[in-house]
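A short write-up of the structure that comes next.
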Amino acid sequence: MSRIEPVPVAVVGAGRFGQHHARVYASLPEADLVGVVDSDLDRAREIAARHGCEAYPAAEALPDSVCAASLAVPTVCHAPVGDPLLNRGVDLLVEKPIAPDLDSADQLIAAAENGGRILQVGHLERFNPIVEAAAEAATLPLFFEVHRMSPFSPRSLDIDVVLDLMIHDLDIVRSMVDSDVDKVDASGLSVVSGQADIASARIQFENGCVANLTASRVSTEKIRKLRFFQPREYVSLDYVRRTGVRITLDDRNRPRFRTLPAGRGEPLQRQLSSFLASVRDRSQPRVSGRDAREALGLALRIGKAIGEHSRLVAKTLAASGRIG
């Protein structure tokens, strides 16, 4: 069996997510971690020292030997930092969401397609073994209930909870439903930031499927659950515990209970290994830039609906004399 030549990689952004990308790359035989980039050079040096690679203050300082990189900078910096990397021939895995707006997403997609580069987006839950098992079980899902709740963290407050958390489930639901979105209704509330920190959305697809999603980053506990119903079948999974059940009615309407067979492995390791395989084989990544753009477009549509609902509530409160 021939040995796989390691891909020279870098991590751009050494924050909460970037440090884990560096850790996993350093552990993968198919990767050669060349460097860690961060504008806080001391932080870059700290992470680089853990894994025996170099630290750099900016992406343009990376050596020409780097073929691929994870981009884990703030969302607003994805296009300004990612576009030059793609243009110099570096394949990219960009943390989700792909960008803060569709124009920036299009900029990254165009740079990748024009240069023949791989552009994968880090919708990590696609690589959760239990989600993979549920996706295989999804034949004709017609109703979803999804809850994603997290305790407060000061990270990612530059984006709302829809782009921060709910977008994971928007991507998963979209990947399971073979239909375009018809209607979106949503509401949300700002609690600790200047943007929505808790949100609820109802999405109706053109084929009649309905998805109800709730996301919160001001919860007292971490919850990651998804349920869907399809003809004569119910599937329920817990992302955190990586457990799931599939209940099917037989021809006598008796329920048959089956455990969803989930594989093993850390989702991030599975994601980065998949990215490196696409880099080596020049194959389509599991979550392409265009896939991520669709999820972003839906998330922004939900954000717009939340804004409209918030203005209606403010108008109602003003009319009642409850606020000035």
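By convention here, the chains of the structure tokens are called A, B, ... in the order presented, each chain's residues are numbered starting at 1, and ligands are numbered starting at 1 in the order presented.
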message = I'd like the contact shell of A:Ala277 - 9 Å cut-off, only C-alpha atoms, skipping same-chain residues fewer than 6 positions apart - returned as a PyMOL selection string.
response = chain A and resi 30+283+285
How close does each residue of stretch 84-135 of chain A get to stretch 157-162 of chain A, giving the shortest atom pair and distance in Å to one decimal for every residue with an atom at most 12 Å away, counting only C-alpha atoms, sorted by chain and residue number, as a tab-separated table?
```
residue	atom	partner	partner_atom	distance
A:Lys96	CA	A:Ile159	CA	11.3
A:Pro97	CA	A:Ile159	CA	9.6
A:Ala99	CA	A:Ile159	CA	10.4
A:Pro100	CA	A:Ile159	CA	7.8
A:Asp101	CA	A:Ile159	CA	10.9
```
key: Near-A:Leu86 list (8 Å; only C-alpha atoms; drop same-chain fewer than 5 positions) as an MDAnalysis selection string   = chainID A and resid 91:92 108 111:112 115 117
Can you write out the residues you just picked, keeping C-alpha atoms, as a PDB file, in the first residue's frame?
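So out35.pdb came out as:
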```pdb
ATOM      1  CA  ASP A  91      -7.469  25.420  -1.085  1.00  0.00           C
ATOM      2  CA  LEU A  92      -9.682  26.579   1.787  1.00  0.00           C
ATOM      3  CA  LEU A 108     -15.250  33.535  -2.271  1.00  0.00           C
ATOM      4  CA  ALA A 111     -12.368  33.088  -6.518  1.00  0.00           C
ATOM      5  CA  ALA A 112     -12.432  29.344  -5.906  1.00  0.00           C
ATOM      6  CA  GLY A 115      -8.839  29.415  -9.844  1.00  0.00           C
ATOM      7  CA  ARG A 117      -9.536  25.706  -5.920  1.00  0.00           C
TER       8      ARG A 117
END
```
key: A:Arg246, A:Arg286, A:Arg50, A:His78 ranked by distance to A:Ile130, top pick (using only C-alpha atoms)   = A:Arg246
Give me, as a tab-separated table, the closest atom pair and its distance (Å, one decimal) for every residue of stretch 160-209 of chain A within a cut-off of 12 Å of stretch 233-244 of chain A, counting only C-alpha atoms, rows sorted by chain and rising number.
```
residue	atom	partner	partner_atom	distance
A:His168	CA	A:Tyr239	CA	11.5
A:Asp169	CA	A:Tyr239	CA	10.9
A:Ile172	CA	A:Tyr239	CA	11.9
```
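Using only C-alpha atoms, the contacts of A:Ile223 at a cut-off of 12 Å, with sequence neighbours closer than 3 positions omitted, comprise Val146, His147, Arg148, Met149, Ser150, Pro151, Leu165, Thr214, Ala215, Ser216, Arg217, Val218, Ser219, Thr220, Leu226, Leu237, Asp238, Tyr239, Val240, Arg241 and Arg242 of chain A.
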Since we have the selection now, will you write its residues out, keeping C-alpha atoms, as a compact mmCIF listing (two decimals), in the first residue's frame?
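For reference, result.txt as written:
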```
# COMPACT_ATOMS: atom_id res chain seq x y z
CA VAL A 146 -35.07 21.02 15.85
CA HIS A 147 -33.64 22.51 19.04
CA ARG A 148 -30.13 23.90 19.43
CA MET A 149 -29.49 25.59 22.78
CA SER A 150 -26.21 26.76 24.32
CA PRO A 151 -25.14 28.58 27.49
CA LEU A 165 -26.07 28.36 15.75
CA THR A 214 -35.35 26.98 17.76
CA ALA A 215 -31.87 28.27 18.60
CA SER A 216 -30.64 30.01 21.72
CA ARG A 217 -27.25 31.10 23.04
CA VAL A 218 -28.68 32.14 26.41
CA SER A 219 -29.78 28.72 27.63
CA THR A 220 -28.90 27.07 30.94
CA LEU A 226 -33.47 16.90 15.79
CA LEU A 237 -31.45 12.01 17.31
CA ASP A 238 -29.34 13.69 19.94
CA TYR A 239 -26.23 15.29 18.41
CA VAL A 240 -24.43 15.62 21.73
CA ARG A 241 -24.89 12.02 22.88
CA ARG A 242 -24.62 10.80 19.28
```
In stretch 7-178 of chain A, DSSP helix (DSSP H, G or I) residues written as a ChimeraX atom specification = /A:16-27,41-51,59-61,75-87,102-115,124-127,129-137,161-176
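In this comparison, which uses only C-alpha atoms, the residue of A:Ile302, A:Ala211, A:Leu93, A:Leu124 approaching A:Arg270 most closely is A:Leu124.
The closest residue to A:Thr259, picked from A:Val192, A:Ala133, A:Ala186, A:Val37 and counting only C-alpha atoms, is A:Ala133.
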message = I'd like the contact shell of A:Ser274 - 12 Å cut-off, only C-alpha atoms, skipping same-chain residues fewer than 3 positions apart - returned as a list of chain:residue names.
response = A:Tyr25, A:Leu28, A:Glu30, A:Ala31, A:Leu93, A:Ile118, A:Gln120, A:Val121, A:Gly122, A:Leu124, A:Arg126, A:Phe127, A:Pro267, A:Leu268, A:Gln269, A:Arg270, A:Gln271, A:Ala277, A:Ser278, A:Val279, A:Arg280, A:Asp281, A:Arg282, A:Ser283, A:Gln284, A:Pro285, A:Arg286, A:Val287, A:Ser288
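Closest to A:Glu113 among A:Arg290, A:Arg45, A:Arg311, A:Arg301 is A:Arg290, based on only C-alpha atoms.
Compared by their closest atoms to A:Ile47, and using only C-alpha atoms, the residues A:Lys315, A:Arg88, A:Arg23, A:Arg252 rank with A:Arg23 nearest.
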query = Can you list, as an NGL selection string, every residue of stretch 142-255 of chain A that DSSP puts in strand (DSSP E or B)?
reply = :A and (143-149 or 181-189 or 198-205 or 210-216 or 223-230 or 233-238 or 243-249 or 255)
Just to be explicit: take each residue in the selection above, keep C-alpha atoms, and write the result as a compact mmCIF listing (two decimals), in the first residue's frame.
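Result file follows (out30.txt):
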```txt
# COMPACT_ATOMS: atom_id res chain seq x y z
CA PHE A 143 -41.97 17.54 9.35
CA PHE A 144 -38.93 18.58 11.44
CA GLU A 145 -38.57 19.74 15.05
CA VAL A 146 -35.07 21.02 15.85
CA HIS A 147 -33.64 22.51 19.04
CA ARG A 148 -30.13 23.90 19.43
CA MET A 149 -29.49 25.59 22.78
CA VAL A 181 -38.13 26.94 0.38
CA ASP A 182 -41.59 28.46 -0.05
CA LYS A 183 -42.30 30.46 3.13
CA VAL A 184 -40.38 31.64 6.19
CA ASP A 185 -41.81 32.95 9.46
CA ALA A 186 -39.54 33.83 12.37
CA SER A 187 -39.24 35.73 15.61
CA GLY A 188 -36.33 36.47 17.90
CA LEU A 189 -35.10 38.47 20.85
CA ILE A 198 -32.79 33.45 20.78
CA ALA A 199 -34.78 32.71 17.66
CA SER A 200 -37.59 30.53 16.38
CA ALA A 201 -38.27 29.87 12.71
CA ARG A 202 -40.91 28.02 10.73
CA ILE A 203 -39.89 27.04 7.22
CA GLN A 204 -42.29 25.62 4.66
CA PHE A 205 -40.86 23.96 1.56
CA VAL A 210 -42.38 21.99 7.36
CA ALA A 211 -39.43 22.60 9.69
CA ASN A 212 -39.69 24.28 13.10
CA LEU A 213 -36.30 25.35 14.46
CA THR A 214 -35.35 26.98 17.76
CA ALA A 215 -31.87 28.27 18.60
CA SER A 216 -30.64 30.01 21.72
CA ILE A 223 -29.12 20.83 23.79
CA ARG A 224 -28.72 19.54 20.23
CA LYS A 225 -31.76 17.55 19.11
CA LEU A 226 -33.47 16.90 15.79
CA ARG A 227 -36.61 14.90 15.02
CA PHE A 228 -38.29 14.31 11.71
CA PHE A 229 -41.35 12.46 10.51
CA GLN A 230 -41.85 10.81 7.14
CA GLU A 233 -41.65 6.57 10.19
CA TYR A 234 -40.21 8.77 12.95
CA VAL A 235 -36.51 9.48 13.44
CA SER A 236 -35.06 11.16 16.55
CA LEU A 237 -31.45 12.01 17.31
CA ASP A 238 -29.34 13.69 19.94
CA THR A 243 -27.61 8.56 19.78
CA GLY A 244 -30.71 8.10 17.68
CA VAL A 245 -33.76 5.94 17.17
CA ARG A 246 -35.79 5.05 14.09
CA ILE A 247 -39.40 3.96 14.65
CA THR A 248 -41.18 2.39 11.69
CA LEU A 249 -44.74 1.10 11.40
CA PRO A 255 -44.01 0.09 15.74
```
query = What is the atom CA of A:Arg16-atom CA of A:Ala69 distance in Å, reported with one decimal?
reply = 16.3 Å
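Summary of the local environment: counting only C-alpha atoms, residues at most 9 Å from A:Ala10, other than itself and those fewer than 4 positions away along its chain, are Ala22, Tyr25, Asp32, Leu33, Val34, Gly35, Val36, Val37, Leu62, Val66, Cys67, Ala68, Ala69, Ser70 and Leu71 of chain A.
Between A:Leu260 and the residues A:Gly297, A:Gly194, A:Gly307, A:Pro129, the shortest atom-to-atom distance, using only C-alpha atoms, involves A:Pro129.
We find atom CA of A:Val94 and atom CA of A:Leu163 to be spaced 14.2 Å apart.
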Which residues, written as an mmCIF file with N, CA and C atoms, in the first residue's frame, have at least one atom at most 9 Å from A:Asn114, with only C-alpha atoms counted and residues fewer than 4 positions away on the same chain left out?
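Output below, filename result12.cif:
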```cif
data_model
loop_
_atom_site.group_PDB
_atom_site.id
_atom_site.type_symbol
_atom_site.label_atom_id
_atom_site.label_comp_id
_atom_site.auth_asym_id
_atom_site.auth_seq_id
_atom_site.Cartn_x
_atom_site.Cartn_y
_atom_site.Cartn_z
ATOM 1 N N ASN A 87 -6.757 33.094 -4.419
ATOM 2 C CA ASN A 87 -6.122 33.619 -5.627
ATOM 3 C C ASN A 87 -4.646 33.222 -5.740
ATOM 4 N N ILE A 109 -16.770 32.203 -3.614
ATOM 5 C CA ILE A 109 -17.112 31.139 -4.564
ATOM 6 C C ILE A 109 -16.490 31.416 -5.928
ATOM 7 N N ALA A 110 -16.563 32.671 -6.385
ATOM 8 C CA ALA A 110 -15.994 33.026 -7.684
ATOM 9 C C ALA A 110 -14.476 32.840 -7.688
#
```
